[in-house]
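my_file.tsv follows (TSV, C-alpha atoms):
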```
chain	number	residue	atom	x	y	z
G	35	MET	CA	14.45	-19.09	9.55
G	36	PRO	CA	17.69	-18.58	11.49
G	37	HIS	CA	17.98	-15.08	12.87
G	38	THR	CA	20.90	-13.67	14.76
G	39	THR	CA	19.95	-10.01	14.78
G	40	THR	CA	17.96	-8.46	17.59
G	41	ALA	CA	16.34	-5.14	16.81
G	42	LEU	CA	16.45	-2.47	19.51
G	43	ALA	CA	13.23	-2.65	21.47
G	44	ALA	CA	10.70	-0.07	22.61
G	45	GLY	CA	12.02	2.06	25.44
G	46	THR	CA	15.57	2.26	24.08
G	47	VAL	CA	17.05	5.64	23.21
G	48	ALA	CA	17.43	5.74	19.41
G	49	PRO	CA	21.17	5.76	18.54
G	50	GLU	CA	22.23	9.01	16.88
G	51	PHE	CA	23.55	8.84	13.32
G	52	GLU	CA	24.51	11.08	10.46
G	53	LEU	CA	24.35	9.71	6.94
G	54	ARG	CA	24.42	11.03	3.40
G	55	ALA	CA	21.04	11.43	1.69
G	56	THR	CA	22.47	12.87	-1.53
G	57	PRO	CA	26.03	13.41	-2.79
G	58	ASP	CA	26.13	16.79	-1.03
G	59	GLN	CA	23.64	16.49	1.82
G	60	ARG	CA	24.02	14.77	5.18
G	61	VAL	CA	21.11	14.04	7.47
G	62	ALA	CA	21.38	13.53	11.24
G	63	LEU	CA	18.69	11.95	13.39
G	64	SER	CA	19.01	14.81	15.90
G	65	GLU	CA	17.86	17.30	13.23
G	66	PHE	CA	14.37	15.92	13.71
G	67	HIS	CA	14.34	16.19	17.50
G	68	GLY	CA	10.84	17.23	18.55
G	69	ARG	CA	9.14	15.29	15.77
G	70	PRO	CA	8.19	11.63	15.58
G	71	ILE	CA	10.44	9.68	13.21
G	72	VAL	CA	9.56	6.61	11.18
G	73	LEU	CA	12.80	4.80	10.38
G	74	VAL	CA	12.48	2.26	7.58
G	75	PHE	CA	15.40	-0.14	7.07
G	76	TYR	CA	15.04	-2.07	3.81
G	77	PRO	CA	17.42	-4.46	2.05
G	78	ALA	CA	17.98	-2.72	-1.29
G	79	ASP	CA	16.83	-0.08	-3.76
G	80	TRP	CA	15.11	-1.54	-6.83
G	81	SER	CA	14.22	-4.97	-5.43
G	82	PRO	CA	10.50	-5.62	-6.03
G	83	VAL	CA	9.22	-5.86	-2.45
G	84	CYS	CA	11.14	-2.75	-1.35
G	85	GLY	CA	9.66	-0.83	-4.24
G	86	ASP	CA	6.14	-1.78	-3.25
G	87	GLN	CA	6.77	-1.09	0.43
G	88	LEU	CA	8.26	2.35	-0.21
G	89	ALA	CA	5.56	3.09	-2.82
G	90	LEU	CA	2.95	2.48	-0.12
G	91	TYR	CA	4.70	4.80	2.37
G	92	ASN	CA	5.04	7.38	-0.40
G	93	GLU	CA	1.25	7.35	-0.86
G	94	LEU	CA	0.87	7.86	2.88
G	95	HIS	CA	2.97	11.01	2.87
G	96	ALA	CA	-0.02	13.16	3.88
G	97	GLU	CA	-1.04	10.69	6.56
G	98	PHE	CA	2.41	10.76	8.21
G	99	ALA	CA	2.40	14.56	7.93
G	100	ARG	CA	-0.78	14.62	10.03
G	101	PHE	CA	1.32	13.31	12.92
G	102	GLY	CA	4.14	15.72	12.10
G	103	ALA	CA	6.21	12.60	11.51
G	104	GLN	CA	9.31	12.43	9.32
G	105	LEU	CA	9.86	9.26	7.31
G	106	LEU	CA	13.47	8.18	6.65
G	107	GLY	CA	14.44	5.21	4.50
G	108	ILE	CA	17.82	3.52	5.13
G	109	SER	CA	19.68	0.89	3.14
G	110	VAL	CA	23.32	0.06	2.41
G	111	ASP	CA	22.98	1.41	-1.14
G	112	GLY	CA	25.09	4.43	-2.08
G	113	VAL	CA	23.89	7.98	-2.68
G	114	TRP	CA	23.90	7.78	-6.48
G	115	CYS	CA	21.81	4.65	-6.40
G	116	HIS	CA	19.42	6.31	-3.92
G	117	ARG	CA	19.18	9.40	-6.13
G	118	ALA	CA	18.19	7.36	-9.20
G	119	PHE	CA	15.68	5.35	-7.15
G	120	VAL	CA	14.10	8.46	-5.58
G	121	GLU	CA	13.74	10.10	-9.00
G	122	SER	CA	12.34	6.97	-10.61
G	123	ARG	CA	9.70	6.40	-7.90
G	124	HIS	CA	8.98	10.08	-7.14
G	125	LEU	CA	9.64	9.47	-3.47
G	126	HIS	CA	8.65	12.26	-1.07
G	127	PHE	CA	11.06	11.27	1.69
G	128	PRO	CA	14.86	10.93	1.90
G	129	LEU	CA	16.74	7.67	1.52
G	130	LEU	CA	19.89	7.51	3.63
G	131	ALA	CA	23.03	5.66	2.59
G	132	ASP	CA	24.36	3.37	5.34
G	133	PHE	CA	27.25	2.80	3.00
G	134	GLU	CA	30.54	3.63	4.71
G	135	PRO	CA	31.34	2.09	7.08
G	136	LYS	CA	28.86	-0.30	5.58
G	137	GLY	CA	25.80	-1.03	7.68
G	138	ALA	CA	27.12	0.79	10.77
G	139	VAL	CA	23.75	2.35	11.58
G	140	ALA	CA	21.91	-0.90	10.91
G	141	ARG	CA	24.29	-2.63	13.35
G	142	ALA	CA	23.63	0.04	15.97
G	143	TYR	CA	19.90	-0.66	15.65
G	144	GLY	CA	20.45	-4.42	15.65
G	145	VAL	CA	19.16	-4.99	12.13
G	146	TYR	CA	22.22	-5.82	10.02
G	147	ARG	CA	22.31	-9.17	8.22
G	148	GLU	CA	25.93	-10.34	8.11
G	149	SER	CA	25.23	-13.20	5.73
G	150	GLU	CA	23.66	-10.98	3.05
G	151	GLY	CA	25.49	-7.73	3.72
G	152	THR	CA	22.18	-5.87	3.80
G	153	THR	CA	19.81	-4.65	6.49
G	154	GLU	CA	16.76	-6.42	7.77
G	155	ARG	CA	13.37	-5.18	6.64
G	156	ALA	CA	12.79	-3.32	9.89
G	157	LEU	CA	10.60	-0.48	11.14
G	158	PHE	CA	11.21	1.84	14.09
G	159	VAL	CA	8.89	4.55	15.37
G	160	ILE	CA	10.81	7.09	17.47
G	161	ASP	CA	9.05	9.66	19.65
G	162	ARG	CA	9.70	13.40	19.96
G	163	ALA	CA	12.20	12.81	22.75
G	164	GLY	CA	14.27	10.40	20.65
G	165	VAL	CA	13.09	7.18	22.32
G	166	ILE	CA	12.12	4.12	20.28
G	167	ARG	CA	8.44	3.48	20.91
G	168	TRP	CA	7.85	0.58	18.52
G	169	SER	CA	10.01	-1.68	16.42
G	170	PHE	CA	9.20	-4.50	14.07
G	171	VAL	CA	11.30	-6.82	11.91
G	172	SER	CA	9.50	-8.37	8.96
G	173	PRO	CA	10.66	-11.46	7.07
G	174	VAL	CA	12.86	-10.02	4.29
G	175	GLY	CA	10.47	-11.13	1.54
G	176	VAL	CA	7.34	-9.80	3.22
G	177	ASN	CA	6.11	-6.22	2.86
G	178	PRO	CA	5.09	-5.22	6.40
G	179	GLY	CA	2.54	-2.66	5.24
G	180	ALA	CA	1.82	0.47	7.23
G	181	ASP	CA	-0.86	-0.40	9.77
G	182	GLY	CA	1.67	-1.04	12.55
G	183	ILE	CA	3.38	2.30	11.92
G	184	LEU	CA	0.09	4.22	12.03
G	185	LEU	CA	-0.99	2.49	15.25
G	186	ALA	CA	2.36	3.35	16.85
G	187	LEU	CA	2.14	6.99	15.76
G	188	GLU	CA	-1.41	7.19	17.12
G	189	SER	CA	-0.40	5.63	20.41
G	190	LEU	CA	2.50	8.03	20.98
G	191	THR	CA	0.41	11.02	19.97
G	192	ARG	CA	-2.23	9.89	22.48
G	193	ASP	CA	0.35	9.49	25.24
G	194	GLU	CA	1.76	12.96	24.64
G	195	THR	CA	-1.53	14.82	24.84
Y	56	MET	CA	2.81	-6.20	15.39
Y	57	SER	CA	-0.76	-5.09	15.78
Y	58	SER	CA	-3.04	-7.88	16.92
Y	59	HIS	CA	-5.55	-7.34	14.15
Y	60	ALA	CA	-3.11	-7.14	11.24
Y	61	GLY	CA	-4.50	-8.86	8.20
Y	62	THR	CA	-8.11	-8.44	9.31
Y	63	LEU	CA	-10.52	-6.48	7.18
Y	64	GLN	CA	-11.75	-3.24	8.70
Y	65	PRO	CA	-14.28	-1.89	8.37
Y	66	VAL	CA	-16.37	-4.92	7.48
Y	67	VAL	CA	-18.35	-4.99	4.23
Y	68	ALA	CA	-21.14	-2.42	4.42
Y	69	ALA	CA	-23.83	-0.67	2.40
Y	70	HIS	CA	-21.46	1.76	0.65
Y	71	ASP	CA	-19.35	-1.08	-0.75
Y	72	HIS	CA	-19.48	-2.32	-4.32
Y	73	VAL	CA	-20.93	-5.79	-3.97
Y	74	LYS	CA	-21.59	-8.47	-6.56
Y	75	GLY	CA	-23.40	-11.57	-5.38
Y	76	PRO	CA	-26.05	-12.37	-2.75
Y	77	SER	CA	-25.77	-10.75	0.68
Y	78	ASN	CA	-26.27	-14.15	2.33
Y	79	ALA	CA	-23.53	-15.83	0.29
Y	80	ARG	CA	-21.42	-18.32	2.23
Y	81	VAL	CA	-18.15	-16.65	1.24
Y	82	THR	CA	-17.22	-12.98	0.91
Y	83	LEU	CA	-14.17	-12.15	-1.18
Y	84	VAL	CA	-12.88	-8.58	-0.96
Y	85	GLU	CA	-10.28	-7.27	-3.40
Y	86	TYR	CA	-8.27	-4.11	-2.83
Y	87	GLY	CA	-7.27	-3.16	-6.35
Y	88	ASP	CA	-5.69	-0.48	-8.53
Y	89	TYR	CA	-7.13	-0.06	-12.03
Y	90	GLN	CA	-3.70	0.66	-13.52
Y	91	CYS	CA	-1.88	-2.14	-11.71
Y	92	PRO	CA	-0.75	-4.91	-14.09
Y	93	HIS	CA	-1.11	-7.54	-11.35
Y	94	CYS	CA	-4.74	-6.53	-10.88
Y	95	PHE	CA	-5.16	-6.88	-14.64
Y	96	ARG	CA	-3.95	-10.46	-14.25
Y	97	ALA	CA	-6.20	-11.04	-11.25
Y	98	PHE	CA	-9.32	-9.83	-13.10
Y	99	PRO	CA	-9.97	-13.05	-15.10
Y	100	VAL	CA	-9.09	-15.12	-12.03
Y	101	VAL	CA	-11.85	-13.40	-10.04
Y	102	GLN	CA	-14.28	-13.83	-12.94
Y	103	GLU	CA	-13.49	-17.54	-13.06
Y	104	LEU	CA	-14.04	-17.84	-9.30
Y	105	GLN	CA	-17.39	-16.04	-9.60
Y	106	GLN	CA	-18.34	-18.49	-12.34
Y	107	ARG	CA	-17.35	-21.51	-10.31
Y	108	LEU	CA	-18.88	-20.49	-7.00
Y	109	GLY	CA	-22.00	-18.82	-8.36
Y	110	ASN	CA	-24.38	-17.73	-5.60
Y	111	GLU	CA	-22.07	-19.07	-2.91
Y	112	LEU	CA	-19.78	-16.08	-3.50
Y	113	ARG	CA	-20.15	-12.39	-2.76
Y	114	PHE	CA	-17.40	-10.28	-4.36
Y	115	VAL	CA	-16.48	-6.80	-3.13
Y	116	PHE	CA	-14.12	-4.33	-4.81
Y	117	ARG	CA	-12.37	-1.56	-2.85
Y	118	ASN	CA	-10.00	1.02	-4.32
Y	119	PHE	CA	-6.30	0.98	-3.53
Y	120	PRO	CA	-4.67	3.26	-6.14
Y	121	LEU	CA	-0.90	3.77	-5.82
Y	122	THR	CA	-1.02	7.12	-7.55
Y	123	GLU	CA	2.70	7.92	-7.59
Y	124	ALA	CA	3.45	4.65	-9.35
Y	125	HIS	CA	0.27	4.68	-11.45
Y	126	PRO	CA	-0.66	8.24	-12.43
Y	127	GLU	CA	-3.98	7.28	-14.06
Y	128	ALA	CA	-5.17	4.97	-11.31
Y	129	MET	CA	-6.90	7.72	-9.32
Y	130	HIS	CA	-8.97	9.03	-12.22
Y	131	ALA	CA	-9.89	5.50	-13.24
Y	132	ALA	CA	-11.11	4.81	-9.70
Y	133	GLU	CA	-13.00	8.11	-9.53
Y	134	ALA	CA	-14.61	7.46	-12.92
Y	135	ALA	CA	-15.86	4.06	-11.77
Y	136	GLU	CA	-17.24	5.61	-8.57
Y	137	SER	CA	-18.93	8.31	-10.63
Y	138	VAL	CA	-20.59	5.77	-12.91
Y	139	GLY	CA	-21.82	3.90	-9.83
Y	140	VAL	CA	-23.26	7.03	-8.22
Y	141	HIS	CA	-25.06	8.26	-11.35
Y	142	SER	CA	-26.08	5.00	-12.97
Y	143	GLY	CA	-26.20	2.32	-10.29
Y	144	ALA	CA	-24.46	-0.89	-9.32
Y	145	ASP	CA	-24.84	-2.71	-12.64
Y	146	ALA	CA	-23.23	0.20	-14.47
Y	147	PHE	CA	-20.44	0.34	-11.87
Y	148	TRP	CA	-19.53	-3.29	-12.50
Y	149	LYS	CA	-19.65	-2.79	-16.28
Y	150	MET	CA	-17.27	0.14	-15.85
Y	151	HIS	CA	-15.03	-1.84	-13.49
Y	152	ASP	CA	-14.87	-4.72	-15.98
Y	153	ALA	CA	-14.29	-2.38	-18.92
Y	154	ILE	CA	-11.35	-0.61	-17.26
Y	155	PHE	CA	-9.61	-3.86	-16.39
Y	156	SER	CA	-10.40	-5.42	-19.79
Y	157	HIS	CA	-8.88	-2.46	-21.63
Y	158	GLN	CA	-6.00	-1.67	-19.25
Y	159	GLN	CA	-3.30	-3.07	-21.52
Y	160	ASP	CA	-4.80	-1.99	-24.87
Y	161	SER	CA	-2.46	0.97	-25.31
Y	162	GLU	CA	-0.58	3.58	-23.32
Y	163	ARG	CA	-3.64	5.80	-23.47
Y	164	ALA	CA	-6.15	3.14	-22.44
Y	165	LEU	CA	-6.84	4.83	-19.10
Y	166	ASP	CA	-6.71	8.49	-20.06
Y	167	ASP	CA	-9.79	10.64	-19.44
Y	168	ALA	CA	-11.06	10.30	-23.04
Y	169	HIS	CA	-10.99	6.52	-22.83
Y	170	LEU	CA	-12.57	6.51	-19.37
Y	171	ALA	CA	-15.41	8.62	-20.80
Y	172	ARG	CA	-15.84	6.08	-23.59
Y	173	TYR	CA	-16.05	3.16	-21.15
Y	174	ALA	CA	-18.52	5.15	-19.05
Y	175	THR	CA	-20.77	5.67	-22.06
Y	176	ALA	CA	-20.56	1.98	-22.93
Y	177	ALA	CA	-21.50	1.16	-19.31
Y	178	GLY	CA	-24.68	3.18	-19.79
Y	179	ALA	CA	-23.61	6.32	-17.93
Y	180	ASP	CA	-23.65	9.95	-19.03
Y	181	ALA	CA	-20.02	10.66	-19.87
Y	182	THR	CA	-20.39	14.41	-19.40
Y	183	LYS	CA	-21.38	13.84	-15.75
Y	184	VAL	CA	-18.39	11.56	-15.26
Y	185	SER	CA	-16.03	14.11	-16.81
Y	186	ALA	CA	-17.46	16.87	-14.62
Y	187	ASP	CA	-17.00	14.70	-11.53
Y	188	LEU	CA	-13.37	14.04	-12.51
Y	189	ALA	CA	-12.73	17.75	-13.02
Y	190	GLY	CA	-14.21	18.51	-9.60
Y	191	ASP	CA	-12.45	15.66	-7.71
Y	192	VAL	CA	-15.94	14.73	-6.53
Y	193	HIS	CA	-15.18	11.10	-5.66
Y	194	GLN	CA	-11.60	11.46	-4.45
Y	195	ALA	CA	-12.58	11.34	-0.77
Y	196	ARG	CA	-14.44	8.06	-1.29
Y	197	VAL	CA	-11.47	6.52	-3.09
Y	198	HIS	CA	-9.12	7.74	-0.37
Y	199	ALA	CA	-11.38	6.31	2.33
Y	200	ASP	CA	-11.18	2.91	0.61
Y	201	PHE	CA	-7.40	3.29	0.42
Y	202	MET	CA	-7.05	4.08	4.13
Y	203	SER	CA	-9.32	1.19	5.10
Y	204	GLY	CA	-6.93	-1.00	3.13
Y	205	VAL	CA	-3.88	0.39	4.91
Y	206	ARG	CA	-5.57	-0.26	8.27
Y	207	SER	CA	-6.45	-3.77	7.21
Y	208	GLY	CA	-2.84	-4.60	6.35
Y	209	VAL	CA	-2.99	-4.19	2.59
Y	210	ASN	CA	0.60	-3.78	1.43
Y	211	GLY	CA	0.23	-3.88	-2.34
Y	212	THR	CA	-2.26	-4.77	-5.03
Y	213	PRO	CA	-4.14	-6.87	-5.46
Y	214	THR	CA	-4.76	-7.90	-1.86
Y	215	PHE	CA	-7.65	-10.25	-1.14
Y	216	PHE	CA	-9.61	-10.96	2.04
Y	217	ILE	CA	-11.67	-14.12	2.43
Y	218	ASN	CA	-14.43	-13.66	5.02
Y	219	GLY	CA	-12.46	-10.77	6.48
Y	220	VAL	CA	-9.09	-12.50	6.73
Y	221	ARG	CA	-6.22	-11.58	4.42
Y	222	PHE	CA	-5.48	-14.28	1.86
Y	223	ASP	CA	-1.70	-14.63	1.63
Y	224	GLY	CA	-1.82	-17.61	-0.74
Y	225	ASP	CA	-1.14	-17.60	-4.47
Y	226	TRP	CA	-4.00	-15.74	-6.16
Y	227	THR	CA	-2.67	-16.56	-9.62
Y	228	ASP	CA	-3.58	-20.22	-9.09
Y	229	VAL	CA	-7.34	-20.58	-9.58
Y	230	GLU	CA	-7.46	-24.08	-8.12
Y	231	SER	CA	-5.85	-23.26	-4.78
Y	232	PHE	CA	-7.72	-19.95	-4.60
Y	233	GLU	CA	-11.01	-21.79	-5.12
Y	234	ALA	CA	-10.03	-24.34	-2.48
Y	235	ALA	CA	-9.33	-21.50	-0.02
Y	236	LEU	CA	-12.76	-20.02	-0.75
Y	237	ARG	CA	-14.44	-23.39	-0.16
Y	238	GLU	CA	-12.64	-24.09	3.13
```
I'd like the structure from this file rewritten - as structure tokens, please.
Amino acid sequence: MPHTTTALAAGTVAPEFELRATPDQRVALSEFHGRPIVLVFYPADWSPVCGDQLALYNELHAEFARFGAQLLGISVDGVWCHRAFVESRHLHFPLLADFEPKGAVARAYGVYRESEGTTERALFVIDRAGVIRWSFVSPVGVNPGADGILLALESLTRDET
Amino acid sequence: MSSHAGTLQPVVAAHDHVKGPSNARVTLVEYGDYQCPHCFRAFPVVQELQQRLGNELRFVFRNFPLTEAHPEAMHAAEAAESVGVHSGADAFWKMHDAIFSHQQDSERALDDAHLARYATAAGADATKVSADLAGDVHQARVHADFMSGVRSGVNGTPTFFINGVRFDGDWTDVESFEAALRE
């Protein structure tokens, strides 16, 4: 399949951003400095594969907590859409709205799809110092699972101790 | 991507729920959720495959409950484990089959009262099963299955592995599924 995007690779400093998570709450990447971050770009709230993918990460809440890691979901959906989706799926992690200017954060990470106006289905694991340690772009229709994320978290935890 | 993504780990072992001969040519592992409607649809497909392949097939079931999406999936899994522990492998499979057979009967089909009923029908002592549920006795086992699935690249249910390799084909189509098993 034709791909024009190139996701930021391991070793790159994760671009800072500040996005709305709810109508009255903004979340900045730098707030989590000192903790590993799992950044999950996904095409849209409500689409079937996204639901399954986020449902899986939701189940793994305790597992990510073991690493002290914070999970952040990002799509171009707006805050009201995110709020309804979070409530419907009982999600334990915030969904950020890359809504205005649309897809700006996804572009900064190299995972915006111009043709669809959505983000790639992309995963980034960022270490405590704010450096990307692992990134992965899945075909949009394929749920990438969580094994790659857990291996990356284990590897950076090992390197830091 | 991890080099071993889509590879079953750990391999099938003594603690697994196994149906079929240990020296069968093909091992089919399902990661399933008792409240998942797709697993409900997969249930007769697996039965048909067992019928067709007979002693050539060894079938293994591992738990993968998505508890936030399916609030009764955890208790259903624990109840099946409990039946297996107290009453043996045959009873476990009767319980497994009963839960999937009844999943869509009503909105209450998987509540604790119904699980106790299926346990009794499977030949188990329902009071033991209820006590195990109340004490979360089998939760660790179910969670261990779940984490083995995550590590093996399971991303939803049902996910199948044929001889340890994830089957990404169409499991709803018995013919192509059978062909994959016979490869």
Expressed in Å to a single decimal, how great is the separation between CA of Glu154 (chain G) and CA of Leu63 (chain Y)?
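Going from CA of Glu154 (chain G) over to CA of Leu63 (chain Y), I get 27.3 Å.
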For chain G, report every residue with an atom at most 10 Å from chain Y (counting all atoms listed in the file), formatted as number ranges by chain.
G: 83, 85-94, 97, 122-126, 168-172, 176-186
I'd like the interatomic distance between CA of Val101 (chain Y) and CA of Gly87 (chain Y), to a tenth of an Å.
11.8 Å
Quick one: distance from CA of Asp187 (chain Y) to CA of Ala68 (chain Y) in Å, one decimal?
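CA of Ala68 (chain Y) lies at a distance of 23.8 Å from CA of Asp187 (chain Y).
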If you count all atoms listed in the file, which residues fall within 10 Å of region 58-61 of chain G, apart from same-chain ones fewer than 2 positions away, as a list in words?
Phe51, Glu52, Leu53, Arg54, Ala55, Thr56, Leu63, Ser64, Glu65, Phe66, Leu106, Val113, Pro128, Leu129, Leu130 and Ala131 of chain G
Box for region 149-163 of chain Y: with edges along x, y and z, all listed atoms inside and 5 Å added on each side, what are the centre and edge lengths in Å to one decimal, as JSON?
```
{"center_x": -10.1, "center_y": 0.2, "center_z": -19.4, "size_x": 29.1, "size_y": 21.2, "size_z": 21.8}
```
Within 6 Å of (17.2, -1.5, 10.4) (file coordinates; all atoms listed in the file), which protein or nucleic acid residues are there? I'd like them as a PyMOL selection string.
chain G and resi 75+140+143+145+153-154+156
Mind writing the picked residues with C-alpha atoms as a PDB file, in the frame of the given file?
```pdb
ATOM      1  CA  PHE G  75      15.400  -0.140   7.070  1.00  0.00           C
ATOM      2  CA  ALA G 140      21.910  -0.900  10.910  1.00  0.00           C
ATOM      3  CA  TYR G 143      19.900  -0.660  15.650  1.00  0.00           C
ATOM      4  CA  VAL G 145      19.160  -4.990  12.130  1.00  0.00           C
ATOM      5  CA  THR G 153      19.810  -4.650   6.490  1.00  0.00           C
ATOM      6  CA  GLU G 154      16.760  -6.420   7.770  1.00  0.00           C
ATOM      7  CA  ALA G 156      12.790  -3.320   9.890  1.00  0.00           C
TER       8      ALA G 156
END
```
Would you list the residues near (21.2, -1.3, 13.6) (no more than 12 Å away, in the coordinates of the file, using only C-alpha atoms) as a PyMOL selection string?
chain G and resi 39-43+48-51+73-76+108-110+132+136-148+152-158+169+171
I want to know what sits within 12 Å of Arg196 (chain Y), based on all atoms listed in the file, with residues of the same chain fewer than 3 positions away left out; could you give that as an mmCIF file with C-alpha atoms, in the coordinates of the input?
```
data_model
loop_
_atom_site.group_PDB
_atom_site.id
_atom_site.type_symbol
_atom_site.label_atom_id
_atom_site.label_comp_id
_atom_site.auth_asym_id
_atom_site.auth_seq_id
_atom_site.Cartn_x
_atom_site.Cartn_y
_atom_site.Cartn_z
ATOM 1 C CA HIS Y 70 -21.460 1.760 0.650
ATOM 2 C CA ASP Y 71 -19.350 -1.080 -0.750
ATOM 3 C CA HIS Y 72 -19.480 -2.320 -4.320
ATOM 4 C CA ARG Y 117 -12.370 -1.560 -2.850
ATOM 5 C CA ASN Y 118 -10.000 1.020 -4.320
ATOM 6 C CA PHE Y 119 -6.300 0.980 -3.530
ATOM 7 C CA PRO Y 120 -4.670 3.260 -6.140
ATOM 8 C CA MET Y 129 -6.900 7.720 -9.320
ATOM 9 C CA ALA Y 132 -11.110 4.810 -9.700
ATOM 10 C CA GLU Y 133 -13.000 8.110 -9.530
ATOM 11 C CA ALA Y 134 -14.610 7.460 -12.920
ATOM 12 C CA ALA Y 135 -15.860 4.060 -11.770
ATOM 13 C CA GLU Y 136 -17.240 5.610 -8.570
ATOM 14 C CA SER Y 137 -18.930 8.310 -10.630
ATOM 15 C CA VAL Y 140 -23.260 7.030 -8.220
ATOM 16 C CA ASP Y 191 -12.450 15.660 -7.710
ATOM 17 C CA VAL Y 192 -15.940 14.730 -6.530
ATOM 18 C CA HIS Y 193 -15.180 11.100 -5.660
ATOM 19 C CA ALA Y 199 -11.380 6.310 2.330
ATOM 20 C CA ASP Y 200 -11.180 2.910 0.610
ATOM 21 C CA PHE Y 201 -7.400 3.290 0.420
ATOM 22 C CA MET Y 202 -7.050 4.080 4.130
ATOM 23 C CA SER Y 203 -9.320 1.190 5.100
#
```
Excluding Gln102 (chain Y) and residues on its chain fewer than 2 positions from it, collect all residues at most 12 Å away from it, counting only C-alpha atoms, and give them as a PDB file with C-alpha atoms, in the coordinates of the input.
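Output file result_6.pdb is given in full below:
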```pdb
ATOM      1  CA  LYS Y  74     -21.590  -8.470  -6.560  1.00  0.00           C
ATOM      2  CA  LEU Y  83     -14.170 -12.150  -1.180  1.00  0.00           C
ATOM      3  CA  PHE Y  95      -5.160  -6.880 -14.640  1.00  0.00           C
ATOM      4  CA  ARG Y  96      -3.950 -10.460 -14.250  1.00  0.00           C
ATOM      5  CA  ALA Y  97      -6.200 -11.040 -11.250  1.00  0.00           C
ATOM      6  CA  PHE Y  98      -9.320  -9.830 -13.100  1.00  0.00           C
ATOM      7  CA  PRO Y  99      -9.970 -13.050 -15.100  1.00  0.00           C
ATOM      8  CA  VAL Y 100      -9.090 -15.120 -12.030  1.00  0.00           C
ATOM      9  CA  LEU Y 104     -14.040 -17.840  -9.300  1.00  0.00           C
ATOM     10  CA  GLN Y 105     -17.390 -16.040  -9.600  1.00  0.00           C
ATOM     11  CA  GLN Y 106     -18.340 -18.490 -12.340  1.00  0.00           C
ATOM     12  CA  ARG Y 107     -17.350 -21.510 -10.310  1.00  0.00           C
ATOM     13  CA  LEU Y 108     -18.880 -20.490  -7.000  1.00  0.00           C
ATOM     14  CA  GLY Y 109     -22.000 -18.820  -8.360  1.00  0.00           C
ATOM     15  CA  LEU Y 112     -19.780 -16.080  -3.500  1.00  0.00           C
ATOM     16  CA  ARG Y 113     -20.150 -12.390  -2.760  1.00  0.00           C
ATOM     17  CA  PHE Y 114     -17.400 -10.280  -4.360  1.00  0.00           C
ATOM     18  CA  TRP Y 148     -19.530  -3.290 -12.500  1.00  0.00           C
ATOM     19  CA  ASP Y 152     -14.870  -4.720 -15.980  1.00  0.00           C
ATOM     20  CA  PHE Y 155      -9.610  -3.860 -16.390  1.00  0.00           C
ATOM     21  CA  SER Y 156     -10.400  -5.420 -19.790  1.00  0.00           C
ATOM     22  CA  VAL Y 229      -7.340 -20.580  -9.580  1.00  0.00           C
ATOM     23  CA  GLU Y 233     -11.010 -21.790  -5.120  1.00  0.00           C
TER      24      GLU Y 233
END
```
Which of these, Y:Ala195, Y:Ala144, Y:Leu165, Y:Val67, has the shortest distance to Ala177 (chain Y) once you count only C-alpha atoms?
Y:Ala144
